[in-house]
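Undergrad: My questions all concern the structure below.
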Amino acid sequence: MILKGAPVVAAMNEANAARCAALREKGVVPTLAVVRVGAREDDLSYEKGVMARCAKVGVEVKQFLLPADAAQEELLGVIACINADPSIHGCLLFRPLPRQFDDRTVRAALAPEKDIDGITDGSLAGVFTNTALGYPPCTAQACLEILKFYGIPLSGRRAVVVGRSLVVGKPAAMMLATVTLCNSRTRDLPEVCREADIVVVAMGKAGAVGAEHLREGQVVVDVGIHVNEEGKLCGDVRFGEAEPLVEAITPVPGGVGTVTTSVLVGHVVEAAEKTV
């Protein structure tokens, strides 16, 4: 089974639109602040997708755009205004920031309750302690949303997460059941992966996982996205080897990445609901 993201997105859009409509009836307009420094091409592309998804379900967007040579104090001032504005329910801050910024200081300035992308220490603490503080990183949650949509049970199943980043690997591990957290240097990695029922791959290396890591009956979630030598998008998993072997797998493109934006929009809606 190919675990495509499009049906997941359609279901989430429908649910988010209904929640937005209910909020608007109560006089609350779910609103996202988009904070961008400079104009990196990948940031612009993602921003366009976020704005389109927000418009589709009824979330308003306020853009705060700073030049690439802006001072840190200017950005901190913008974040302070967003924190203090009750009409703004969530903030998307594009990173990495230009070199003149101290990333930790900037992240720490954002209120966790408005951190809908899971970048603050407060949000991550909420994930690791299973408390409602902030929100999980969107890509990590997107992995779980796909499994949930396709009715793939987590309880009692062994999972291996390959990749230990704070963006995907570690938070995803916290949200799964029985988990082994690995990286590229893990001893006997292929053997460890074959023992799992669910394999989440977020190594950041094109084609790093292949048939030698997998077995029949597994569910594989491929978080990676790269451009190969032929100019085509590919993931961390060698799809051609994995797809005939495993029970289910997410494609690249068309898998986890497509769901991430809907998760972010859902976090904005949830943050707005908490104000009612």
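For the structure tokens, the naming scheme is as follows: chains receive sequential letters (A, B, ...) according to their order of presentation, residues are indexed from 1 within each chain, and ligands are indexed from 1 in presentation order.
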Please identify every residue of region 19-68 of chain A that has at least one atom no farther than 12 Å from an atom of region 99-110 of chain A, counting only C-alpha atoms, and for each give the shortest atom pair and the distance in Å to one decimal, arranged by chain then increasing number, as CSV.
TA:
```
residue,atom,partner,partner_atom,distance
A:Ala33,CA,A:Leu110,CA,11.7
A:Val35,CA,A:Leu110,CA,11.4
A:Val37,CA,A:Phe101,CA,10.3
A:Gly38,CA,A:Arg99,CA,11.7
A:Ala68,CA,A:Gln100,CA,9.4
```
Undergrad: Please identify which residues in region 71-103 of chain A DSSP calls strand (DSSP E or B) from the backbone, and express them as a ChimeraX atom specification.
TA: /A:90-93
Undergrad: Please, which residues in region 181-219 of chain A fall within 8 Å of region 148-172 of chain A when counting only C-alpha atoms, and what is the closest atom pair and distance in Å to one decimal for each, ordered by chain then residue number, as JSON lines?
TA:
```
{"residue": "A:Leu181", "atom": "CA", "partner": "A:Val161", "partner_atom": "CA", "distance": 5.0}
{"residue": "A:Cys182", "atom": "CA", "partner": "A:Val162", "partner_atom": "CA", "distance": 4.7}
{"residue": "A:Asn183", "atom": "CA", "partner": "A:Gly163", "partner_atom": "CA", "distance": 4.8}
{"residue": "A:Ser184", "atom": "CA", "partner": "A:Gly163", "partner_atom": "CA", "distance": 7.3}
{"residue": "A:Val192", "atom": "CA", "partner": "A:Val160", "partner_atom": "CA", "distance": 7.7}
{"residue": "A:Cys193", "atom": "CA", "partner": "A:Val160", "partner_atom": "CA", "distance": 6.1}
{"residue": "A:Glu195", "atom": "CA", "partner": "A:Arg158", "partner_atom": "CA", "distance": 7.9}
{"residue": "A:Ala196", "atom": "CA", "partner": "A:Arg158", "partner_atom": "CA", "distance": 5.1}
{"residue": "A:Asp197", "atom": "CA", "partner": "A:Arg158", "partner_atom": "CA", "distance": 5.2}
{"residue": "A:Ile198", "atom": "CA", "partner": "A:Ala159", "partner_atom": "CA", "distance": 4.6}
{"residue": "A:Val199", "atom": "CA", "partner": "A:Val160", "partner_atom": "CA", "distance": 4.9}
{"residue": "A:Val200", "atom": "CA", "partner": "A:Val161", "partner_atom": "CA", "distance": 4.7}
{"residue": "A:Val201", "atom": "CA", "partner": "A:Val162", "partner_atom": "CA", "distance": 4.9}
{"residue": "A:Ala202", "atom": "CA", "partner": "A:Gly163", "partner_atom": "CA", "distance": 4.9}
{"residue": "A:Met203", "atom": "CA", "partner": "A:Gly163", "partner_atom": "CA", "distance": 4.7}
{"residue": "A:Gly204", "atom": "CA", "partner": "A:Gly163", "partner_atom": "CA", "distance": 7.8}
```
Undergrad: Can I get the selection written as an mmCIF file, in the first residue's frame, with N, CA and C atoms?
TA:
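Output saved as part-v1.cif:
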```cif
data_model
loop_
_atom_site.group_PDB
_atom_site.id
_atom_site.type_symbol
_atom_site.label_atom_id
_atom_site.label_comp_id
_atom_site.auth_asym_id
_atom_site.auth_seq_id
_atom_site.Cartn_x
_atom_site.Cartn_y
_atom_site.Cartn_z
ATOM 1 N N LEU A 181 15.674 4.524 18.863
ATOM 2 C CA LEU A 181 16.113 5.727 18.151
ATOM 3 C C LEU A 181 17.545 5.520 17.676
ATOM 4 N N CYS A 182 17.744 5.624 16.370
ATOM 5 C CA CYS A 182 19.047 5.327 15.767
ATOM 6 C C CYS A 182 19.557 6.502 14.958
ATOM 7 N N ASN A 183 20.805 6.373 14.503
ATOM 8 C CA ASN A 183 21.339 7.283 13.494
ATOM 9 C C ASN A 183 22.206 6.484 12.535
ATOM 10 N N SER A 184 22.868 7.187 11.627
ATOM 11 C CA SER A 184 23.645 6.495 10.588
ATOM 12 C C SER A 184 24.807 5.689 11.143
ATOM 13 N N VAL A 192 18.851 -3.827 13.007
ATOM 14 C CA VAL A 192 17.954 -3.123 13.931
ATOM 15 C C VAL A 192 16.669 -2.712 13.208
ATOM 16 N N CYS A 193 16.794 -2.190 11.997
ATOM 17 C CA CYS A 193 15.618 -1.761 11.231
ATOM 18 C C CYS A 193 14.709 -2.940 10.896
ATOM 19 N N GLU A 195 14.067 -5.473 12.569
ATOM 20 C CA GLU A 195 13.329 -5.942 13.747
ATOM 21 C C GLU A 195 12.055 -5.141 13.998
ATOM 22 N N ALA A 196 11.925 -3.984 13.350
ATOM 23 C CA ALA A 196 10.807 -3.076 13.634
ATOM 24 C C ALA A 196 9.570 -3.422 12.825
ATOM 25 N N ASP A 197 8.411 -3.019 13.377
ATOM 26 C CA ASP A 197 7.157 -3.093 12.637
ATOM 27 C C ASP A 197 6.937 -1.813 11.832
ATOM 28 N N ILE A 198 7.392 -0.691 12.401
ATOM 29 C CA ILE A 198 7.271 0.609 11.751
ATOM 30 C C ILE A 198 8.654 1.242 11.697
ATOM 31 N N VAL A 199 9.055 1.699 10.518
ATOM 32 C CA VAL A 199 10.361 2.330 10.345
ATOM 33 C C VAL A 199 10.149 3.752 9.843
ATOM 34 N N VAL A 200 10.592 4.728 10.637
ATOM 35 C CA VAL A 200 10.536 6.135 10.232
ATOM 36 C C VAL A 200 11.959 6.560 9.892
ATOM 37 N N VAL A 201 12.173 7.002 8.659
ATOM 38 C CA VAL A 201 13.519 7.326 8.199
ATOM 39 C C VAL A 201 13.644 8.825 7.976
ATOM 40 N N ALA A 202 14.511 9.453 8.778
ATOM 41 C CA ALA A 202 14.744 10.900 8.684
ATOM 42 C C ALA A 202 16.235 11.157 8.825
ATOM 43 N N MET A 203 17.021 10.535 7.945
ATOM 44 C CA MET A 203 18.476 10.613 8.018
ATOM 45 C C MET A 203 19.036 11.840 7.335
ATOM 46 N N GLY A 204 18.279 12.379 6.385
ATOM 47 C CA GLY A 204 18.782 13.507 5.623
ATOM 48 C C GLY A 204 19.810 13.112 4.575
#
```
